[in-house]
4 protein chains.
Amino acid sequence: LKAFVLRAPYGIESLAIAEVPRPGALGPGQVRVAVRAASINYRDLLFVKNVLNRGGNEIPGSDGAGEVIEAAPDVWRVKVGDRVALTFHPDWLAGEWQMSPNAGGRGGTIPGVLCEEVVVHQQEAVVLPSYMSFAEGAALPCAAVTAWHALCAAKPLQPGMTVLLQGAGGVSVFALQFAKLFGARVIMTTSSAERAQRLKQLGAHETVDYRAVPEWQTAVRELTSGRGADLTIEVGGAQTINQSLAATRMGGRLALVGMLTGVPNVTSSMFSAGVDITPGRVGSRADLEALIRAIAFHQVHPVIDTTYPFAKLAEALQHLQSGQHIGKIAIEF
Amino acid sequence: LKAFVLRAPYGIESLAIAEVPRPGALGPGQVRVAVRAASINYRDLLFVKNVLNRGGNEIPGSDGAGEVIEAAPDVWRVKVGDRVALTFHPDWLAGEWQMSPNAGGRGGTIPGVLCEEVVVHQQEAVVLPSYMSFAEGAALPCAAVTAWHALCAAKPLQPGMTVLLQGAGGVSVFALQFAKLFGARVIMTTSSAERAQRLKQLGAHETVDYRAVPEWQTAVRELTSGRGADLTIEVGGAQTINQSLAATRMGGRLALVGMLTGVPNVTSSMFSAGVDITPGRVGSRADLEALIRAIAFHQVHPVIDTTYPFAKLAEALQHLQSGQHIGKIAIEF
Amino acid sequence: LKAFVLRAPYGIESLAIAEVPRPGALGPGQVRVAVRAASINYRDLLFVKNVLNRGGNEIPGSDGAGEVIEAAPDVWRVKVGDRVALTFHPDWLAGEWQMSPNAGGRGGTIPGVLCEEVVVHQQEAVVLPSYMSFAEGAALPCAAVTAWHALCAAKPLQPGMTVLLQGAGGVSVFALQFAKLFGARVIMTTSSAERAQRLKQLGAHETVDYRAVPEWQTAVRELTSGRGADLTIEVGGAQTINQSLAATRMGGRLALVGMLTGVPNVTSSMFSAGVDITPGRVGSRADLEALIRAIAFHQVHPVIDTTYPFAKLAEALQHLQSGQHIGKIAIEF
Amino acid sequence: LKAFVLRAPYGIESLAIAEVPRPGALGPGQVRVAVRAASINYRDLLFVKNVLNRGGNEIPGSDGAGEVIEAAPDVWRVKVGDRVALTFHPDWLAGEWQMSPNAGGRGGTIPGVLCEEVVVHQQEAVVLPSYMSFAEGAALPCAAVTAWHALCAAKPLQPGMTVLLQGAGGVSVFALQFAKLFGARVIMTTSSAERAQRLKQLGAHETVDYRAVPEWQTAVRELTSGRGADLTIEVGGAQTINQSLAATRMGGRLALVGMLTGVPNVTSSMFSAGVDITPGRVGSRADLEALIRAIAFHQVHPVIDTTYPFAKLAEALQHLQSGQHIGKIAIEF
């Protein structure tokens with residue numbers, strides 16, 4: 001069985017394909033899934049640099065999809081031949097986040113999907129809509145769930161609310177697609193006219209070029225008649241969070257999903273903004289099922305920027321690191 | 001000042017235009033509104049038949065809109081010239097329903113909008129979007145708020161959820177329009193192919209003709225892969241509720257909004273359905289503001305079947321009673 | 001392995017102890033539990049009369065507790081020697097109720113706890129507080145979870161709210177104990193001065209004797225200054241529900257948990273009451289964990305009316321059927 | 001009419017009693033309240049130092065109670081002779097926080113209660129329980145509502161949950177009293193053995209002396225088996241918030257109520273803690289009514305450290321500034 005395995009010295013170049021033992025006979029409730037595609041996230045970069053908490057796990061990959069090739073006799077959620085996505089948190093099925101030894105997530109403290117085959121409990125598998133490719137479906141468990149959870153888990157999202165998104169990474173583009181389904185208004189910050197144009201094609205109602213308009217929080221206020229966004233999904237971290245808080249309306253919410261530009265230093269804005277701050281923790285299986293129901297009904301396709309073959313994982317990670325992508329980068333097996 | 005005033009013997013034909021005293025000088029926080037349009041509801045029929053609890057109030061009309069023609073000096077929510085809708089519940093601004101002597105609502109225990117001029121507290125006035133006519137705006141406070149509250153007040157509505165609606169009255173058509181904004185799937189029962197076609201034009205995803213398919217709850221189950229609707233908005237009452245419960249999924253919800261066909265007799269279905277039942281109470285000002293934010297962003301126009309002049313209220317009520325309308329019937333002043 | 005097994009002709013007297021095969025080797029995530037105590041519920045009477053949906057399952061018992069005597073190597077939630085309660089719904093861990101082939105519950109469509117040993121997934125086991133006996137812990141999964149879920153799952157319960165409870169069965173007495181922890185006011189209907197006294201000893205603030213006061217809903221209104229209860233937990237069914245609705249305040253809630261007196265016929269009260277009606281579905285593992293956290297902190301003991309030895313199950317069921325108990329009836333192995 | 005009026009140069013000593021004009025005739029819905037007591041808060045210190053946003057308002061006092069001495073003919077919420085507390089936010093009656101020109105609150109941008117008489121709309125008056133003195137009732141609108149809102153507005157509080165409180169100021173002591181009513185466990189940080197003893201007398205389950213134990217967040221973790229508090233009410237600000245986040249469980253919540261030790265600098269802890277952060281905004285009238293219902297049922301008395309006569313306001317503020325009080329400092333008229 002081939003898998004990518006992290007070894008010292010760490011870094012993208014240290015990732016190598018190795019032969020790992022095939023998981024043995026299935027136990028009750030278990031299914032065997034041949035992984036057909038993975039999708040990479042910023043946390044995979046942290047993993048290969050050995051800065052993510054990964055316990056003893058050496059196999060990265062949080063976002064993946066595949067085909068059920070074997071199912072224990074008592075399995076009822078899926079059957080052989082089903083195309084499934086694999087949940088990020090094995091033990092968080094629904095409701096409030098909960099502590100578990102597996103809370104580090106797939107591709108964190110538990111083995112990831114960059115492996116030809118995985119055995120999981122049926123509770124960790126969710127059937128994909130038939131119109132979706134494996135590469136598209138592989139984007140859902142971590143990136144799409146993070147976006148969905150940030151959008152609507154803490155408070156309901158309603159048509160006409162304003163959502164502020166940053167950049168064009170996987171989570172932001174999913175959040176754009178989902179927010180549109182809810183009938184929300186979407187404002188996105190971006191770094192160039194070309195990217196702005198692409199985001200508008202994808203449905204963004206307005207964009208603000210943060211290079212042309214360094215005080216973009218003011219632009220957001222102006223676009224909202226001075227009121228501010230109802231919800232901001234923060235992926236920037238150090239270089240954006242204080243502006244994000246200033247762009248969010250009092251009584252609104254900021255979902256703290258990423259810190260691409262480093263650990264922030266939040267000062268008075270946290271007090272004066274009057275904004276709820278909710279941390280990112282990906283989301284539950286119920287979130288994954290809810291977002292699949294939503295996009296399946298509307299036949300939405302995840303935005304895949306580029307697809308790399310399994311052997312080209314390092315190139316894919318370098319592409320991700322460059323920040324030049326829009327949406328997700330996929331790995332096909 | 002002209003107003004419609006109910007006098008014995010009751011009934012549509014007993015409604016007559018009378019001269020009523022003009023409200024005097026404004027107190028703090030008050031505004032004077034020249035009513036420009038009203039919109040009639042089933043409850044207006046109950047009012048004129050004297051079966052609605054109306055206290056001593058003689059002026060009907062729950063749904064209305066007009067122009068602010070005078071405002072007390074301390075008023076800040078609106079200004080002279082603003083086009084406003086008037087809330088149904090003067091004291092229910094937000095949050096949970098609350099008891100008040102005014103809980104009977106405008107056009108119930110408090111004087112209605114079928115009067116040329118009303119004086120209200122500024123908290124009872126909500127500014128209308130500029131693209132909307134008075135006749136359209138007049139449809140919002142009671143019918144649209146009822147639909148919005150039923151859709152999303154008790155639990156969030158999400159894209160891909162299935163909503164089951166009955167007929168093509170004011171509440172059902174608003175619920176259709178709103179559910180579409182949320183990205184929900186809408187199934188509507190109706191009585192003819194012509195009406196089905198019109199509902200599809202308005203955006204219904206599926207319709208079920210309850211005359212052709214008396215066991216329409218089975219059809220709804222089939223359309224949802226056996227699962228049932230996530231939410232049913234019940235307007236029928238006696239002749240529909242047990243079927244509605246059977247068409248709703250276990251764990252779903254039935255919003256009890258109307259009883260056009262009489263008081264129901266609910267038996268075992270209430271137990272076996274496993275469905276939350278939430279009563280209709282129109283909704284709060286926050287509901288009205290939220291729905292206006294939603295439709296204003298999407299430039300949705302309320303569906304006005306017919307507009308009658310003020311003097312033709314009796315004809316309008318007869319039209320409503322016939323059940324042949326789709327959407328709302330308006331009265332222009 | 002000894003178990004109670006239901007065979008035709010059905011009825012309490014048809015239940016017999018039989019030898020059943022010992023479950024084999026544990027699979028991943030599984031634990032073997034030696035059942036030490038069970039606790040019986042009204043649904044066990046329906047089971048033995050063959051009117052409960054039980055699929056092909058022949059072993060009753062929804063409420064049980066025991067000792068972990070073996071655990072698969074990967075088990076982390078519990079360890080050998082732990083004293084555990086077994087959840088009613090194997091697949092409903094948290095959040096909203098969800099459909100599953102196991103939704104019929106333990107002692108329903110899946111084998112019950114009236115068996116010396118059961119093998120379950122670790123997700124179905126919750127550790128008991130050390131101060132609690134097995135007989136007490138056995139009362140939690142079905143009866144206590146039903147009470148907790150009815151009290152606070154749909155809406156938060158707050159100090160000073162009024163809860164109306166009926167009789168002194170397992171669910172009502174748990175609801176009393178829990179409501180007291182929340183600081184709520186508890187009014188209970190009961191059938192005699194003796195039972196009223198016992199309920200007051202257990203903490204009920206007021207009792208209403210429904211034999212002495214057939215219009216007990218009026219008494220509840222009087223006790224609440226005309227307002228009505230904020231929450232009513234309905235266990236009576238046919239003979240009580242319309243009065244229960246009349247005793248509940250507009251804007252309040254009725255949790256539909258039982259129908260001891262038969263299937264009700266709900267008429268106009270459902271409309272006029274303005275009350276949310278939420279169905280009973282026992283509850284999730286999160287409910288079980290939350291209630292254990294609550295009672296463990298306050299060292300609350302479940303109220304056990306009588307404890308019978310395993311062999312005397314028939315007598316225990318007859319005792320339950322008589323309705324003469326207060327709290328729960330336990331079976332010790 | 002006598003009132004305290006702030007004039008330059010600012011500071012406690014600049015506050016002086018002045019004669020202000022008596023409010024004129026009542027308008028519709030208005031009531032005249034003779035203020036009988038006020039209660040001071042940290043924000044009053046900011047007011048007198050002219051660092052609080054107060055618009056043009058010169059009269060401080062956010063917490064107050066009095067007697068209705070006149071009511072407009074249409075007033076129904078209260079009557080002459082009623083003892084009432086006055087809400088902090090005139091326009092936030094229930095539900096989500098909302099923007100209004102009056103959002104600065106009583107004793108902020110709108111005239112405060114340190115005035116012998118105020119005229120308010122009936123919606124701003126809430127009747128006090130009869131067992132409570134004016135000095136006690138005066139403590140409710142700002143301090144008690146802040147504590148209640150922080151405890152249970154964003155998420156329900158349940159028995160057995162752990163609440164971490166800081167010090168013995170007005171908000172913290174109210175939070176202690178309320179959390180006890182909910183059956184929660186309360187851990188409080190404090191600065192001496194004497195204060196610890198007093199807090200235990202008031203019901204705190206555990207105290208941690210932050211002078212003796214500078215790493216008090218570790219002590220809180222130990223008291224909660226490593227888990228952390230479910231909810232922390234942060235009043236300290238700069239010198240406490242990072243430790244507070246470290247003392248709160250992942251998935252828990254921190255309510256950001258005060259910053260007595262200055263504006264904080266939150267760094268990585270905000271990300272790593274996985275904690276919801278909800279801002280303080282006092283609360284709605286519904287919060288005030290809910291807390292009164294709770295304490296009235298349990299006959300809880302607000303903790304008044306010292307009561308000063310009207311003329312001794314400066315001394316009272318100096319007492320508050322010293323931080324030597326426990327609970328609230330009252331002003332009687």
# chains A, B, ... in the order shown; residues from 1 in each chain; ligands from 1
>>> interface_residues(of="chain C", to="chain B", cutoff="7 Å", atoms="only C-alpha atoms", output="number ranges by chain")
C: 97, 251, 263-268, 271, 274-279
>>> write_last_selection(atoms="N, CA, C and O atoms", output="PDB file, in the first residue's frame")
ATOM      1  N   TRP C  97     -32.054  14.983  16.683  1.00  0.00           N
ATOM      2  CA  TRP C  97     -32.443  13.597  16.492  1.00  0.00           C
ATOM      3  C   TRP C  97     -32.093  13.173  15.077  1.00  0.00           C
ATOM      4  O   TRP C  97     -32.222  13.954  14.147  1.00  0.00           O
ATOM      5  N   GLY C 251     -47.050  30.986  24.414  1.00  0.00           N
ATOM      6  CA  GLY C 251     -45.610  31.179  24.238  1.00  0.00           C
ATOM      7  C   GLY C 251     -44.777  30.156  24.978  1.00  0.00           C
ATOM      8  O   GLY C 251     -43.555  30.128  24.827  1.00  0.00           O
ATOM      9  N   VAL C 263     -54.334   7.386  23.363  1.00  0.00           N
ATOM     10  CA  VAL C 263     -54.043   8.340  22.301  1.00  0.00           C
ATOM     11  C   VAL C 263     -55.000   9.520  22.388  1.00  0.00           C
ATOM     12  O   VAL C 263     -56.207   9.341  22.439  1.00  0.00           O
ATOM     13  N   PRO C 264     -54.487  10.711  22.419  1.00  0.00           N
ATOM     14  CA  PRO C 264     -55.354  11.865  22.625  1.00  0.00           C
ATOM     15  C   PRO C 264     -56.042  12.311  21.349  1.00  0.00           C
ATOM     16  O   PRO C 264     -55.681  11.939  20.242  1.00  0.00           O
ATOM     17  N   ASN C 265     -56.997  13.144  21.558  1.00  0.00           N
ATOM     18  CA  ASN C 265     -57.784  13.768  20.520  1.00  0.00           C
ATOM     19  C   ASN C 265     -57.681  15.258  20.794  1.00  0.00           C
ATOM     20  O   ASN C 265     -58.373  15.789  21.644  1.00  0.00           O
ATOM     21  N   VAL C 266     -56.780  15.896  20.102  1.00  0.00           N
ATOM     22  CA  VAL C 266     -56.511  17.300  20.383  1.00  0.00           C
ATOM     23  C   VAL C 266     -57.323  18.154  19.431  1.00  0.00           C
ATOM     24  O   VAL C 266     -57.244  17.982  18.215  1.00  0.00           O
ATOM     25  N   THR C 267     -58.080  19.046  19.967  1.00  0.00           N
ATOM     26  CA  THR C 267     -58.919  19.853  19.090  1.00  0.00           C
ATOM     27  C   THR C 267     -58.481  21.309  19.121  1.00  0.00           C
ATOM     28  O   THR C 267     -57.327  21.610  18.862  1.00  0.00           O
ATOM     29  N   SER C 268     -59.399  22.162  19.406  1.00  0.00           N
ATOM     30  CA  SER C 268     -59.089  23.580  19.239  1.00  0.00           C
ATOM     31  C   SER C 268     -57.974  24.049  20.155  1.00  0.00           C
ATOM     32  O   SER C 268     -57.298  25.030  19.869  1.00  0.00           O
ATOM     33  N   PHE C 271     -54.664  24.962  18.722  1.00  0.00           N
ATOM     34  CA  PHE C 271     -54.561  26.234  18.033  1.00  0.00           C
ATOM     35  C   PHE C 271     -54.572  27.403  18.997  1.00  0.00           C
ATOM     36  O   PHE C 271     -53.751  28.308  18.932  1.00  0.00           O
ATOM     37  N   GLY C 274     -51.409  28.487  21.688  1.00  0.00           N
ATOM     38  CA  GLY C 274     -50.194  29.214  21.347  1.00  0.00           C
ATOM     39  C   GLY C 274     -48.971  28.623  21.999  1.00  0.00           C
ATOM     40  O   GLY C 274     -48.063  29.325  22.433  1.00  0.00           O
ATOM     41  N   VAL C 275     -48.946  27.304  22.052  1.00  0.00           N
ATOM     42  CA  VAL C 275     -47.896  26.582  22.778  1.00  0.00           C
ATOM     43  C   VAL C 275     -47.078  25.752  21.788  1.00  0.00           C
ATOM     44  O   VAL C 275     -47.637  25.123  20.898  1.00  0.00           O
ATOM     45  N   ASP C 276     -45.771  25.766  21.922  1.00  0.00           N
ATOM     46  CA  ASP C 276     -44.932  24.854  21.150  1.00  0.00           C
ATOM     47  C   ASP C 276     -45.138  23.435  21.666  1.00  0.00           C
ATOM     48  O   ASP C 276     -45.167  23.227  22.886  1.00  0.00           O
ATOM     49  N   ILE C 277     -45.246  22.497  20.755  1.00  0.00           N
ATOM     50  CA  ILE C 277     -45.392  21.101  21.162  1.00  0.00           C
ATOM     51  C   ILE C 277     -44.182  20.346  20.634  1.00  0.00           C
ATOM     52  O   ILE C 277     -43.950  20.302  19.430  1.00  0.00           O
ATOM     53  N   THR C 278     -43.398  19.780  21.549  1.00  0.00           N
ATOM     54  CA  THR C 278     -42.205  19.060  21.116  1.00  0.00           C
ATOM     55  C   THR C 278     -42.352  17.590  21.480  1.00  0.00           C
ATOM     56  O   THR C 278     -42.724  17.253  22.596  1.00  0.00           O
ATOM     57  N   PRO C 279     -42.071  16.729  20.513  1.00  0.00           N
ATOM     58  CA  PRO C 279     -42.293  15.308  20.745  1.00  0.00           C
ATOM     59  C   PRO C 279     -41.182  14.686  21.572  1.00  0.00           C
ATOM     60  O   PRO C 279     -40.052  15.171  21.589  1.00  0.00           O
TER      61      PRO C 279
END
>>> select_by_dssp(residues="segment 104-136 of chain A", states="strand (DSSP E or B)", output="MDAnalysis selection string")
chainID A and resid 106 110 115 117:121 125:127
>>> write_last_selection(atoms="all heavy atoms", output="PDB file, in the first residue's frame")
ATOM      1  N   ARG A 106      -8.210  13.968  11.178  1.00  0.00           N
ATOM      2  CA  ARG A 106      -7.576  13.176  10.129  1.00  0.00           C
ATOM      3  C   ARG A 106      -6.472  14.021   9.484  1.00  0.00           C
ATOM      4  O   ARG A 106      -6.655  15.201   9.218  1.00  0.00           O
ATOM      5  CB  ARG A 106      -8.617  12.775   9.089  1.00  0.00           C
ATOM      6  CG  ARG A 106      -8.223  11.586   8.237  1.00  0.00           C
ATOM      7  CD  ARG A 106      -9.306  11.184   7.233  1.00  0.00           C
ATOM      8  NE  ARG A 106     -10.610  10.948   7.842  1.00  0.00           N
ATOM      9  CZ  ARG A 106     -10.941   9.844   8.535  1.00  0.00           C
ATOM     10  NH1 ARG A 106     -10.069   8.872   8.686  1.00  0.00           N
ATOM     11  NH2 ARG A 106     -12.148   9.734   9.066  1.00  0.00           N
ATOM     12  N   ILE A 110      -4.423  11.684  13.647  1.00  0.00           N
ATOM     13  CA  ILE A 110      -4.759  10.365  13.098  1.00  0.00           C
ATOM     14  C   ILE A 110      -4.362  10.308  11.623  1.00  0.00           C
ATOM     15  O   ILE A 110      -4.330  11.326  10.940  1.00  0.00           O
ATOM     16  CB  ILE A 110      -6.246   9.982  13.342  1.00  0.00           C
ATOM     17  CG1 ILE A 110      -7.203  11.010  12.750  1.00  0.00           C
ATOM     18  CG2 ILE A 110      -6.524   9.825  14.825  1.00  0.00           C
ATOM     19  CD1 ILE A 110      -8.662  10.598  12.860  1.00  0.00           C
ATOM     20  N   CYS A 115      -2.908   8.098   1.297  1.00  0.00           N
ATOM     21  CA  CYS A 115      -2.642   6.679   1.426  1.00  0.00           C
ATOM     22  C   CYS A 115      -3.664   5.981   0.537  1.00  0.00           C
ATOM     23  O   CYS A 115      -4.816   6.406   0.475  1.00  0.00           O
ATOM     24  CB  CYS A 115      -2.832   6.289   2.901  1.00  0.00           C
ATOM     25  SG  CYS A 115      -2.596   4.534   3.206  1.00  0.00           S
ATOM     26  N   GLU A 117      -5.371   3.408   0.741  1.00  0.00           N
ATOM     27  CA  GLU A 117      -6.518   2.707   1.324  1.00  0.00           C
ATOM     28  C   GLU A 117      -6.640   3.043   2.803  1.00  0.00           C
ATOM     29  O   GLU A 117      -5.632   3.087   3.515  1.00  0.00           O
ATOM     30  CB  GLU A 117      -6.284   1.196   1.153  1.00  0.00           C
ATOM     31  CG  GLU A 117      -7.513   0.344   1.239  1.00  0.00           C
ATOM     32  CD  GLU A 117      -7.138  -1.119   1.045  1.00  0.00           C
ATOM     33  OE1 GLU A 117      -6.732  -1.500  -0.080  1.00  0.00           O
ATOM     34  OE2 GLU A 117      -7.210  -1.864   2.032  1.00  0.00           O
ATOM     35  N   VAL A 118      -7.829   3.270   3.272  1.00  0.00           N
ATOM     36  CA  VAL A 118      -8.023   3.485   4.708  1.00  0.00           C
ATOM     37  C   VAL A 118      -9.207   2.651   5.178  1.00  0.00           C
ATOM     38  O   VAL A 118     -10.129   2.359   4.416  1.00  0.00           O
ATOM     39  CB  VAL A 118      -8.279   4.973   5.043  1.00  0.00           C
ATOM     40  CG1 VAL A 118      -7.049   5.831   4.729  1.00  0.00           C
ATOM     41  CG2 VAL A 118      -9.499   5.501   4.329  1.00  0.00           C
ATOM     42  N   VAL A 119      -9.124   2.264   6.446  1.00  0.00           N
ATOM     43  CA  VAL A 119     -10.252   1.587   7.081  1.00  0.00           C
ATOM     44  C   VAL A 119     -10.808   2.534   8.128  1.00  0.00           C
ATOM     45  O   VAL A 119     -10.072   3.035   8.977  1.00  0.00           O
ATOM     46  CB  VAL A 119      -9.812   0.258   7.715  1.00  0.00           C
ATOM     47  CG1 VAL A 119     -10.902  -0.280   8.647  1.00  0.00           C
ATOM     48  CG2 VAL A 119      -9.502  -0.758   6.618  1.00  0.00           C
ATOM     49  N   VAL A 120     -12.109   2.785   8.030  1.00  0.00           N
ATOM     50  CA  VAL A 120     -12.752   3.699   8.979  1.00  0.00           C
ATOM     51  C   VAL A 120     -14.054   3.076   9.474  1.00  0.00           C
ATOM     52  O   VAL A 120     -14.570   2.128   8.871  1.00  0.00           O
ATOM     53  CB  VAL A 120     -13.079   5.073   8.338  1.00  0.00           C
ATOM     54  CG1 VAL A 120     -11.804   5.798   7.896  1.00  0.00           C
ATOM     55  CG2 VAL A 120     -14.043   4.915   7.173  1.00  0.00           C
ATOM     56  N   HIS A 121     -14.577   3.630  10.564  1.00  0.00           N
ATOM     57  CA  HIS A 121     -15.896   3.224  11.020  1.00  0.00           C
ATOM     58  C   HIS A 121     -16.916   3.854  10.072  1.00  0.00           C
ATOM     59  O   HIS A 121     -16.694   4.934   9.535  1.00  0.00           O
ATOM     60  CB  HIS A 121     -16.130   3.706  12.457  1.00  0.00           C
ATOM     61  CG  HIS A 121     -17.302   3.042  13.106  1.00  0.00           C
ATOM     62  ND1 HIS A 121     -18.582   3.487  12.972  1.00  0.00           N
ATOM     63  CD2 HIS A 121     -17.370   1.934  13.882  1.00  0.00           C
ATOM     64  CE1 HIS A 121     -19.409   2.703  13.653  1.00  0.00           C
ATOM     65  NE2 HIS A 121     -18.695   1.740  14.220  1.00  0.00           N
ATOM     66  N   ALA A 125     -17.990   7.952   7.286  1.00  0.00           N
ATOM     67  CA  ALA A 125     -18.149   8.019   5.833  1.00  0.00           C
ATOM     68  C   ALA A 125     -19.487   8.661   5.469  1.00  0.00           C
ATOM     69  O   ALA A 125     -20.514   8.329   6.046  1.00  0.00           O
ATOM     70  CB  ALA A 125     -18.073   6.617   5.238  1.00  0.00           C
ATOM     71  N   VAL A 126     -19.442   9.586   4.513  1.00  0.00           N
ATOM     72  CA  VAL A 126     -20.656  10.275   4.058  1.00  0.00           C
ATOM     73  C   VAL A 126     -20.721  10.147   2.539  1.00  0.00           C
ATOM     74  O   VAL A 126     -19.750  10.466   1.839  1.00  0.00           O
ATOM     75  CB  VAL A 126     -20.641  11.754   4.472  1.00  0.00           C
ATOM     76  CG1 VAL A 126     -21.843  12.497   3.907  1.00  0.00           C
ATOM     77  CG2 VAL A 126     -20.597  11.871   5.990  1.00  0.00           C
ATOM     78  N   VAL A 127     -21.853   9.687   2.041  1.00  0.00           N
ATOM     79  CA  VAL A 127     -21.992   9.439   0.605  1.00  0.00           C
ATOM     80  C   VAL A 127     -21.985  10.759  -0.178  1.00  0.00           C
ATOM     81  O   VAL A 127     -22.627  11.736   0.221  1.00  0.00           O
ATOM     82  CB  VAL A 127     -23.287   8.652   0.317  1.00  0.00           C
ATOM     83  CG1 VAL A 127     -23.508   8.500  -1.184  1.00  0.00           C
ATOM     84  CG2 VAL A 127     -23.211   7.279   0.979  1.00  0.00           C
TER      85      VAL A 127
END
>>> atom_distance(atom1="atom CA of Glu67 of chain A", atom2="atom CA of Val33 of chain A")
5.3 Å
>>> residues_around(residues="segment 12-16 of chain D", least_positions_apart="5", cutoff="9 Å", atoms="only C-alpha atoms", output="list of chain:residue names")
D:Ala3, D:Phe4, D:Val5, D:Leu6, D:Arg7, D:Leu45, D:Val48, D:Lys49, D:Leu313, D:Ala314, D:Glu315, D:Leu317, D:Gln318
>>> residues_around(residues="Val75 of chain A", least_positions_apart="5", cutoff="10 Å", atoms="only C-alpha atoms", output="list in words")
Pro28, Gly29, Gln30, Val31, Glu70, His121, Gln122 and Gln123 of chain A
>>> residues_around(residues="segment 101-103 of chain C", least_positions_apart="2", cutoff="7 Å", atoms="only C-alpha atoms", output="PDB file with N, CA and C atoms, in the first residue's frame")
ATOM      1  N   HIS C  89     -30.138   5.341  22.422  1.00  0.00           N
ATOM      2  CA  HIS C  89     -29.960   5.441  20.966  1.00  0.00           C
ATOM      3  C   HIS C  89     -28.483   5.238  20.631  1.00  0.00           C
ATOM      4  N   PRO C  90     -28.079   4.143  20.031  1.00  0.00           N
ATOM      5  CA  PRO C  90     -26.656   3.933  19.737  1.00  0.00           C
ATOM      6  C   PRO C  90     -26.080   4.975  18.778  1.00  0.00           C
ATOM      7  N   ASP C  91     -26.899   5.524  17.903  1.00  0.00           N
ATOM      8  CA  ASP C  91     -26.374   6.401  16.844  1.00  0.00           C
ATOM      9  C   ASP C  91     -26.661   7.883  17.067  1.00  0.00           C
ATOM     10  N   MET C  99     -32.340   9.909  12.071  1.00  0.00           N
ATOM     11  CA  MET C  99     -32.827   8.610  11.629  1.00  0.00           C
ATOM     12  C   MET C  99     -31.663   7.628  11.567  1.00  0.00           C
ATOM     13  N   GLY C 105     -34.236   2.002  19.292  1.00  0.00           N
ATOM     14  CA  GLY C 105     -33.650   2.077  20.629  1.00  0.00           C
ATOM     15  C   GLY C 105     -33.411   0.735  21.295  1.00  0.00           C
ATOM     16  N   THR C 109     -36.019  -1.941  18.951  1.00  0.00           N
ATOM     17  CA  THR C 109     -35.591  -2.743  17.803  1.00  0.00           C
ATOM     18  C   THR C 109     -34.200  -3.353  17.994  1.00  0.00           C
ATOM     19  N   ILE C 110     -33.495  -2.937  19.018  1.00  0.00           N
ATOM     20  CA  ILE C 110     -32.208  -3.596  19.304  1.00  0.00           C
ATOM     21  C   ILE C 110     -32.263  -4.268  20.667  1.00  0.00           C
TER      22      ILE C 110
END
>>> select_by_dssp(residues="segment 118-247 of chain D", states="alpha helix (DSSP H)", output="PyMOL selection string")
chain D and resi 134-137+145-152+170-181+193-201+216-223+241-247
>>> residues_around(residues="segment 128-136 of chain B", least_positions_apart="2", cutoff="9 Å", atoms="only C-alpha atoms", output="count of residues only")
33
>>> residues_around(residues="segment 286-288 of chain D", least_positions_apart="2", cutoff="7 Å", atoms="only C-alpha atoms", output="list of chain:residue names")
D:Leu93, D:Ala94, D:Pro141, D:Val145, D:Trp148, D:His149, D:Gly283, D:Ser284, D:Ala290, D:Leu291, D:Ile292
>>> atom_distance(atom1="atom CA of Pro214 of chain D", atom2="atom CA of Ser192 of chain D")
12.6 Å
>>> atom_distance(atom1="atom CA of Leu181 of chain C", atom2="atom CA of Glu289 of chain C")
15.4 Å
